[in-house]
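S.K.: Here it is, the structure in full.
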Amino acid sequence: MSTFAAITISGLALGAVYFLVASGLSLIYGLMGVLNFAHGAFLTVGAFAGWALAVHLSAAGGGAGWVLTAIAAACAGAAVAALTELLLIRPLYGRPVGQILVTIGLDLALVGLLLGAFGSSSRAIPVPAWLSGVTAVGAERIPNGDFVALGTGLATLAALTWFLRQTRYGLIIRAGAENRDMVRALGIDVGRAFTLVFTIGGAAAGLAGLLNAVVFNSALTDPGQGDELLIFAFIVVVIGGLGSIAGSAAAALLVGLVQVYVGFYAGTGASLAQLSNISVVLLLVVVLLVRPRGLLGRAA
Amino acid sequence: MTATPAAAVIEAQDLNVSIGGSHILQDVSLAVPKGGVTALIGRNGVGKTTTLRALIGLAPSTGSRTMAGQDVTGWPVHRIIRLGVGYVPEDRDVFTRLTVKENLRLAQTARNAGYDRVYRLFPELDQRGRQLAGTLSGGQQQMLAIARVLLHSKPLLLVDEPTKGLSPRYVTQVVEVLKEVSQTETILLVEQNVHVVRELASRVIVLDHGQVVHTGDAADLDSDAARRLLGVSL
């Protein structure tokens, strides 16, 4: 296996993490029209919940311990997201500016709470040896974390696709993204779908927080982790097309690949390292100029 | 004040709707008696569609609404609908990115849905089940919009301009379907086509400038009244 193939896997894995964050953002915007700036905080809460359980389980045991840790991260993200929708977003239906302000405020408050409780220093998440190890593929050594991230992203995409295509709530969400009032006029309580979408988005974000820390941040998490990733997730959602899950998946992989390729080939100097981030912004600009509604977004 | 028929399926008192600074409905009071078709008519822009939307809570309004004897004022839309209202909106509002079957499945709220009835009335929908609703013609979309509310038996159907923009073939089909449905369900019909109104409705409520200006039997809507209230000749 060539070096190019190895960094491609790394880029796809990074894209998978972006997809986990962006899918929730995209679903929430698609159905509810809410730009959720607290999504980064859901991610951080998930990572900290994973860290807390992994420490408790003593190095996350083996595979079962890691699975429990991942479930805890997803559940924590889901719980915070569900409470956010029920307590803060629901009273602000039809008031988009209020929703934006309250999600920004919540993000600041949650990050502040985590800073107050745990300080600003990074926390090391104990991971099992197999997860921090590498697998030799030909001459290259691929981190096992890349495979886990990629597998989780693909599984999430498959599960979301199945949910949206095959279940009644999926049908409600797809219809609600097109015309919420008409869904209500069929006697359907769209509010439940709103809560469910927030919960699903929060679960994916929580899982992304844990994976991002473990795979791309040397198993370290800190309260600022979510907000850093959120910026890229927003870029992914815009490139993919607001409200499109398939678009988010394609854009996430594209952004991950561009970031990793540029990061690898631009060199390792401090200023050159920023090129990978700048390249993502340039990609956003190009996509918006060529296709303003994003890769798979629908015309307004 | 409108006199309340003995068995009103839905009733509104002093409905007021203001949107963007325009006072669209002004103290509208009406009652729809059980059975048959009541037509809500008037010139363009007098508030007919807004009245339907306000009755089910889709347009924010003041005033009171009663359905099947229950005060539903302030209820969310889905709760009012679940009391037994079917709503066919003016622009059909089918879900264009869902298939015909998915549109119907979305409207199915219980196991015993009347697909047989729907497909008997609109055989085309059965043949086009896998087609995206957005690719249907206007007439086919209207069929789908009506079919959605016929999956379950509902005491009241609110049907807004069902023949608007349709070819004569589909107008005939829609009228026949509504005629059959009105044998078992009450229909409040908004319609611009006076000939359709005369064919279907037994009672009319006329709106003008956001107010009810006439209520009575459709048969009494003679040429003079139609010209005066609707601006059309019969």
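Each chain in the structure tokens gets a letter, A, B, ..., in the order shown, and its residues are numbered from 1; ligands are numbered from 1 in order too.
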Please list as a list in words every residue within 10 Å of Leu25 (chain B), counting only C-alpha atoms and excluding residues in the same chain fewer than 3 positions away.

M.R.: Asp14, Leu15, Asn16, Val17, Ser18, Ile19, Ser22, Val28, Ser29, Val46, Gly47, Lys48, Thr50, Thr51, Ala54, Ser61, Thr62, Leu207, Asp208, His209, Gly210, Gln211 and Val212 of chain B

S.K.: Find the residues of chain A in contact range of chain B, meaning any atom within 6 Å when counting only C-alpha atoms, and list them as a list of chain:residue names.

M.R.: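 Listed by rising number, the hits are A:Arg184, A:Leu186, A:Gly187, A:Ile188, A:Asp189.
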
S.K.: Deliver the residues from the most recent selection as a file, using C-alpha atoms, as a PDB file, in the first residue's frame.

M.R.:
ATOM      1  CA  ARG A 184     -49.359  19.172  11.075  1.00  0.00           C
ATOM      2  CA  LEU A 186     -52.372  15.654   8.516  1.00  0.00           C
ATOM      3  CA  GLY A 187     -52.743  15.343  12.288  1.00  0.00           C
ATOM      4  CA  ILE A 188     -49.100  14.626  13.027  1.00  0.00           C
ATOM      5  CA  ASP A 189     -47.361  16.083  16.059  1.00  0.00           C
TER       6      ASP A 189
END

S.K.: Hey, can you check how far CA of Ser279 (chain A) sits from CA of Ala252 (chain A)?

M.R.: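 Rounded to one decimal, the two atoms are 13.9 Å apart.
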
S.K.: Could you name the residues that touch Gly138 (chain B) at 8 Å or less, counting only C-alpha atoms, but leaving out those on the same chain fewer than 2 positions away, as a count of residues only?

M.R.: 6

S.K.: Of the residues B:Val72, B:Lys34, B:Ile24, B:Leu157, which is the one nearest to Ala185 (chain A), using only C-alpha atoms?

M.R.: B:Leu157

S.K.: Could you name the residues that touch Leu115 (chain A) at 9 Å or less, counting only C-alpha atoms, but leaving out those on the same chain fewer than 5 positions away, as number ranges by chain?

M.R.: A: 110, 120-121, 222-224

S.K.: Enumerate, in order of chain and increasing residue number, the residues of region 58-130 of chain A with an atom no farther than 12 Å from region 152-162 of chain A, each with its shortest atom pair and distance in Å to one decimal, counting only C-alpha atoms, as a tab-separated table.

M.R.:
residue	atom	partner	partner_atom	distance
A:Val67	CA	A:Thr152	CA	11.4
A:Ala70	CA	A:Thr152	CA	10.4
A:Ala74	CA	A:Thr156	CA	11.9

S.K.: Hey, can you spit out that residue selection with C-alpha atoms as an mmCIF file, in the first residue's frame?

M.R.:
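And here's selection-v6.cif as it stands now:
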data_model
loop_
_atom_site.group_PDB
_atom_site.id
_atom_site.type_symbol
_atom_site.label_atom_id
_atom_site.label_comp_id
_atom_site.auth_asym_id
_atom_site.auth_seq_id
_atom_site.Cartn_x
_atom_site.Cartn_y
_atom_site.Cartn_z
ATOM 1 C CA VAL A 67 -18.428 -0.137 23.222
ATOM 2 C CA ALA A 70 -19.026 4.888 23.006
ATOM 3 C CA ALA A 74 -23.735 8.969 22.429
#

S.K.: Rounded to one decimal, what separation in Å do you get between CA of Ser218 (chain A) and CA of Gly116 (chain A)?

M.R.: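 Calculated distance between CA of Ser218 (chain A) and CA of Gly116 (chain A) is 23.1 Å.
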
S.K.: Between B:Asp217, B:Glu185, B:Glu124, B:Asp116, single out the one closest to Gly139 (chain B), counting only C-alpha atoms.

M.R.: B:Glu124

S.K.: When distances are computed from only C-alpha atoms, which of A:Ile172, A:Val137, A:Val127, A:Val258 shows the smallest separation from Leu14 (chain A)?

M.R.: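 Smallest separation from Leu14 (chain A) among the options: A:Val258.
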
S.K.: With only C-alpha atoms as the counted atoms, please give the residues lying no more than 10 Å from Phe118 (chain A), apart from itself and same-chain residues fewer than 4 positions off, as a ChimeraX atom specification.

M.R.: /A:48,112-114,122-123,222-223

S.K.: Might you pull out every residue within 9 Å of Ser10 (chain A), with only C-alpha atoms counted and same-chain residues fewer than 4 positions away left off, and present them as a ChimeraX atom specification?

M.R.: /A:5-6,14-15,142-143,146-147,150,256-257,260

S.K.: Tell me which of A:Ile278, A:Val214, A:Leu20, A:Ala13 sits closest to Pro128 (chain A), counting only C-alpha atoms.

M.R.: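 Residue with the minimum atom-to-atom distance to Pro128 (chain A): A:Val214.
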
S.K.: I'd like to know which of A:Gly209, A:Gly151, A:Leu87, A:Gly191 is closest to Thr69 (chain A), using only C-alpha atoms.

M.R.: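 Nearest candidate to Thr69 (chain A) out of A:Gly209, A:Gly151, A:Leu87, A:Gly191: A:Gly209.
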